[in-house]
Amino acid sequence: MSTIRTFTLFFVMSLFTMVSCVGPKGEPGPPGHDGNANVESAIVETTAPDWFWDENALNWFVDLEWDQIDLDMVDYGAVLVYMESPSNDFYGWHQLPLTLYPNESYSSTIETVYYDYGLTLFWTNSDLQQYQNPCTLYNTNLTFKVVLIDANMYSKYINEDLSDYETVKKLFNLAD
């Protein structure tokens with residue numbers, strides 16, 4: 001008898017809980033962001049003082065903190081980072097990791113590591129020497145675009161070419 005009462009009480013409480021979730025429709029999101037509540041993006045511009053030389057790892061690095069990068073995002077979603085070309089060699093956004101060739105005998109590779117609430121960009125020169133600060137090397141600020149896609153949304157687009165920023169922009173209705 002008590003099992004039936006417990007089940008009935010559980011059923012009634014569940015019914016009240018479901019009914020109480022109904023409410024007025026929320027305000028629409030900002031223009032250019034319709035239908036992508038599970039995707040966020042930001043443009044990050046780095047300047048020379050943002051970059052630090054690590055004598056042990058032999059690379060330049062910059063830390064970017066963002067509260068939306070949580071363990072679920074890192075483990076199950078996607079954290080995509082694109083770099084805008086710092087020179088006139090090519091135009092557009094290119095996904096990291098990326099290797100740039102400032103001259104015929106020298107290259108720099110930019111990579112990322114994600115962690116809870118942030119990411120680090122690493123800039124490694126081919127000769128493993130300090131050389132120049134990345135912004136000083138190109139005589140400009142370096143611009144990155146970070147796109148966060150939660151696990152639900154990411155699973156729907158796993159077969160798409162997310163290395164191409166224009167594809168990502170179109171799929172998730174991102175504004176530049």
# chains A, B, ... in the order shown; residues from 1 in each chain; ligands from 1

call {"tool": "select_by_dssp", "arguments": {"residues": "segment 40-71 of chain A", "states": "strand (DSSP E)", "output": "PyMOL selection string"}}
result
chain A and resi 40-46+52-54+59-65

call {"tool": "residues_around", "arguments": {"residues": "Asn38 of chain A", "least_positions_apart": "3", "cutoff": "8 Å", "atoms": "only C-alpha atoms", "output": "list in words"}}
result
Ile149, Asp150, Asn152 and Met153 of chain A

call {"tool": "write_last_selection", "arguments": {"atoms": "N, CA and C atoms", "output": "compact mmCIF listing (two decimals), in the first residue's frame"}}
result
# COMPACT_ATOMS: atom_id res chain seq x y z
N ILE A 149 31.40 25.65 -29.06
CA ILE A 149 30.21 24.91 -29.47
C ILE A 149 29.95 23.85 -28.40
N ASP A 150 28.77 23.90 -27.78
CA ASP A 150 28.49 22.93 -26.73
C ASP A 150 28.30 21.53 -27.32
N ASN A 152 25.91 19.23 -27.37
CA ASN A 152 24.70 18.93 -28.15
C ASN A 152 24.81 19.44 -29.57
N MET A 153 25.18 20.69 -29.70
CA MET A 153 25.28 21.30 -31.03
C MET A 153 26.43 20.68 -31.82

call {"tool": "closest_residue", "arguments": {"among": "A:Ser85, A:Ser163, A:Thr143, A:Thr120", "to": "Val44 of chain A", "atoms": "only C-alpha atoms"}}
result
A:Thr143

call {"tool": "atom_distance", "arguments": {"atom1": "atom CA of Asp70 of chain A", "atom2": "atom CA of Ala151 of chain A"}}
result
11.4 Å

call {"tool": "atom_distance", "arguments": {"atom1": "atom CA of Asn103 of chain A", "atom2": "atom CA of Leu119 of chain A"}}
result
28.4 Å

call {"tool": "closest_residue", "arguments": {"among": "A:Ser105, A:Thr124, A:Thr112, A:Ser87", "to": "Glu55 of chain A", "atoms": "only C-alpha atoms"}}
result
A:Thr124

call {"tool": "atom_distance", "arguments": {"atom1": "atom CA of Thr47 of chain A", "atom2": "atom CA of Glu65 of chain A"}}
result
15.7 Å

call {"tool": "residues_around", "arguments": {"residues": "Asn59 of chain A", "least_positions_apart": "5", "cutoff": "8 Å", "atoms": "only C-alpha atoms", "output": "PyMOL selection string"}}
result
chain A and resi 53-54+122-125+128-130

call {"tool": "closest_residue", "arguments": {"among": "A:Ile69, A:Leu137, A:Leu162, A:Leu64", "to": "His94 of chain A", "atoms": "only C-alpha atoms"}}
result
A:Leu162

call {"tool": "select_by_dssp", "arguments": {"residues": "segment 19-163 of chain A", "states": "alpha helix (DSSP H)", "output": "list in words"}}
result
Val19, Ser20, Leu71, Asp72, Met73, Val74, Asp75, Tyr76, Pro134, Cys135, Thr136, Leu137, Tyr138, Ala151, Asn152, Met153, Tyr154, Ser155 and Lys156 of chain A

call {"tool": "decode", "arguments": {"residues": "segment 70-83 of chain A", "atoms": "all heavy atoms", "output": "compact mmCIF listing (two decimals), in the first residue's frame"}}
result
# COMPACT_ATOMS: atom_id res chain seq x y z
N ASP A 70 34.24 25.54 -20.06
CA ASP A 70 34.23 24.69 -18.87
C ASP A 70 34.64 23.28 -19.27
O ASP A 70 34.93 23.00 -20.43
CB ASP A 70 32.87 24.72 -18.18
CG ASP A 70 31.74 24.25 -19.08
OD1 ASP A 70 32.00 23.61 -20.12
OD2 ASP A 70 30.57 24.53 -18.74
N LEU A 71 34.72 22.38 -18.29
CA LEU A 71 35.19 21.03 -18.57
C LEU A 71 34.31 20.30 -19.58
O LEU A 71 34.80 19.55 -20.41
CB LEU A 71 35.30 20.23 -17.28
CG LEU A 71 36.43 20.68 -16.36
CD1 LEU A 71 36.43 19.87 -15.07
CD2 LEU A 71 37.78 20.57 -17.04
N ASP A 72 32.99 20.50 -19.53
CA ASP A 72 32.11 19.87 -20.51
C ASP A 72 32.41 20.36 -21.92
O ASP A 72 32.40 19.58 -22.87
CB ASP A 72 30.64 20.12 -20.18
CG ASP A 72 30.13 19.26 -19.04
OD1 ASP A 72 30.76 18.22 -18.76
OD2 ASP A 72 29.12 19.63 -18.42
N MET A 73 32.67 21.65 -22.06
CA MET A 73 32.99 22.23 -23.36
C MET A 73 34.30 21.61 -23.89
O MET A 73 34.39 21.21 -25.04
CB MET A 73 33.13 23.74 -23.25
CG MET A 73 33.41 24.45 -24.54
SD MET A 73 32.01 24.50 -25.66
CE MET A 73 30.87 25.50 -24.75
N VAL A 74 35.30 21.53 -23.03
CA VAL A 74 36.60 21.00 -23.43
C VAL A 74 36.51 19.50 -23.75
O VAL A 74 37.06 19.03 -24.74
CB VAL A 74 37.65 21.26 -22.33
CG1 VAL A 74 38.96 20.54 -22.64
CG2 VAL A 74 37.89 22.76 -22.17
N ASP A 75 35.79 18.74 -22.90
CA ASP A 75 35.75 17.29 -23.06
C ASP A 75 34.78 16.81 -24.14
O ASP A 75 35.04 15.81 -24.81
CB ASP A 75 35.37 16.62 -21.74
CG ASP A 75 36.49 16.73 -20.71
OD1 ASP A 75 37.63 17.03 -21.09
OD2 ASP A 75 36.20 16.52 -19.51
N TYR A 76 33.65 17.50 -24.31
CA TYR A 76 32.60 16.98 -25.20
C TYR A 76 32.19 17.93 -26.32
O TYR A 76 31.63 17.49 -27.31
CB TYR A 76 31.36 16.61 -24.38
CG TYR A 76 31.68 15.67 -23.25
CD1 TYR A 76 31.65 16.11 -21.94
CD2 TYR A 76 32.05 14.36 -23.51
CE1 TYR A 76 31.96 15.24 -20.89
CE2 TYR A 76 32.36 13.49 -22.48
CZ TYR A 76 32.32 13.94 -21.16
OH TYR A 76 32.63 13.09 -20.15
N GLY A 77 32.42 19.21 -26.16
CA GLY A 77 32.05 20.18 -27.17
C GLY A 77 33.24 20.49 -28.05
O GLY A 77 34.11 19.65 -28.27
N ALA A 78 33.30 21.71 -28.53
CA ALA A 78 34.42 22.14 -29.38
C ALA A 78 34.83 23.55 -28.99
O ALA A 78 33.99 24.42 -28.78
CB ALA A 78 34.02 22.09 -30.85
N VAL A 79 36.14 23.74 -28.91
CA VAL A 79 36.73 25.06 -28.73
C VAL A 79 37.58 25.26 -29.98
O VAL A 79 38.62 24.64 -30.14
CB VAL A 79 37.60 25.15 -27.46
CG1 VAL A 79 38.19 26.55 -27.31
CG2 VAL A 79 36.79 24.76 -26.22
N LEU A 80 37.09 26.08 -30.88
CA LEU A 80 37.77 26.31 -32.16
C LEU A 80 38.45 27.68 -32.12
O LEU A 80 37.84 28.66 -31.71
CB LEU A 80 36.77 26.26 -33.31
CG LEU A 80 35.90 25.01 -33.39
CD1 LEU A 80 34.85 25.16 -34.48
CD2 LEU A 80 36.74 23.77 -33.61
N VAL A 81 39.70 27.73 -32.57
CA VAL A 81 40.43 29.00 -32.58
C VAL A 81 40.95 29.22 -34.00
O VAL A 81 41.57 28.34 -34.59
CB VAL A 81 41.60 28.99 -31.58
CG1 VAL A 81 42.32 30.33 -31.58
CG2 VAL A 81 41.12 28.64 -30.18
N TYR A 82 40.67 30.41 -34.50
CA TYR A 82 41.10 30.81 -35.84
C TYR A 82 41.96 32.05 -35.71
O TYR A 82 41.74 32.89 -34.84
CB TYR A 82 39.90 31.12 -36.73
CG TYR A 82 38.92 29.98 -36.83
CD1 TYR A 82 37.90 29.84 -35.89
CD2 TYR A 82 39.02 29.03 -37.85
CE1 TYR A 82 37.00 28.78 -35.97
CE2 TYR A 82 38.13 27.97 -37.92
CZ TYR A 82 37.12 27.86 -36.98
OH TYR A 82 36.24 26.82 -37.04
N MET A 83 42.95 32.18 -36.59
CA MET A 83 43.82 33.35 -36.59
C MET A 83 43.65 34.08 -37.90
O MET A 83 43.61 33.46 -38.97
CB MET A 83 45.27 32.92 -36.42
CG MET A 83 46.25 34.07 -36.41
SD MET A 83 47.92 33.44 -36.18
CE MET A 83 48.81 34.97 -36.35
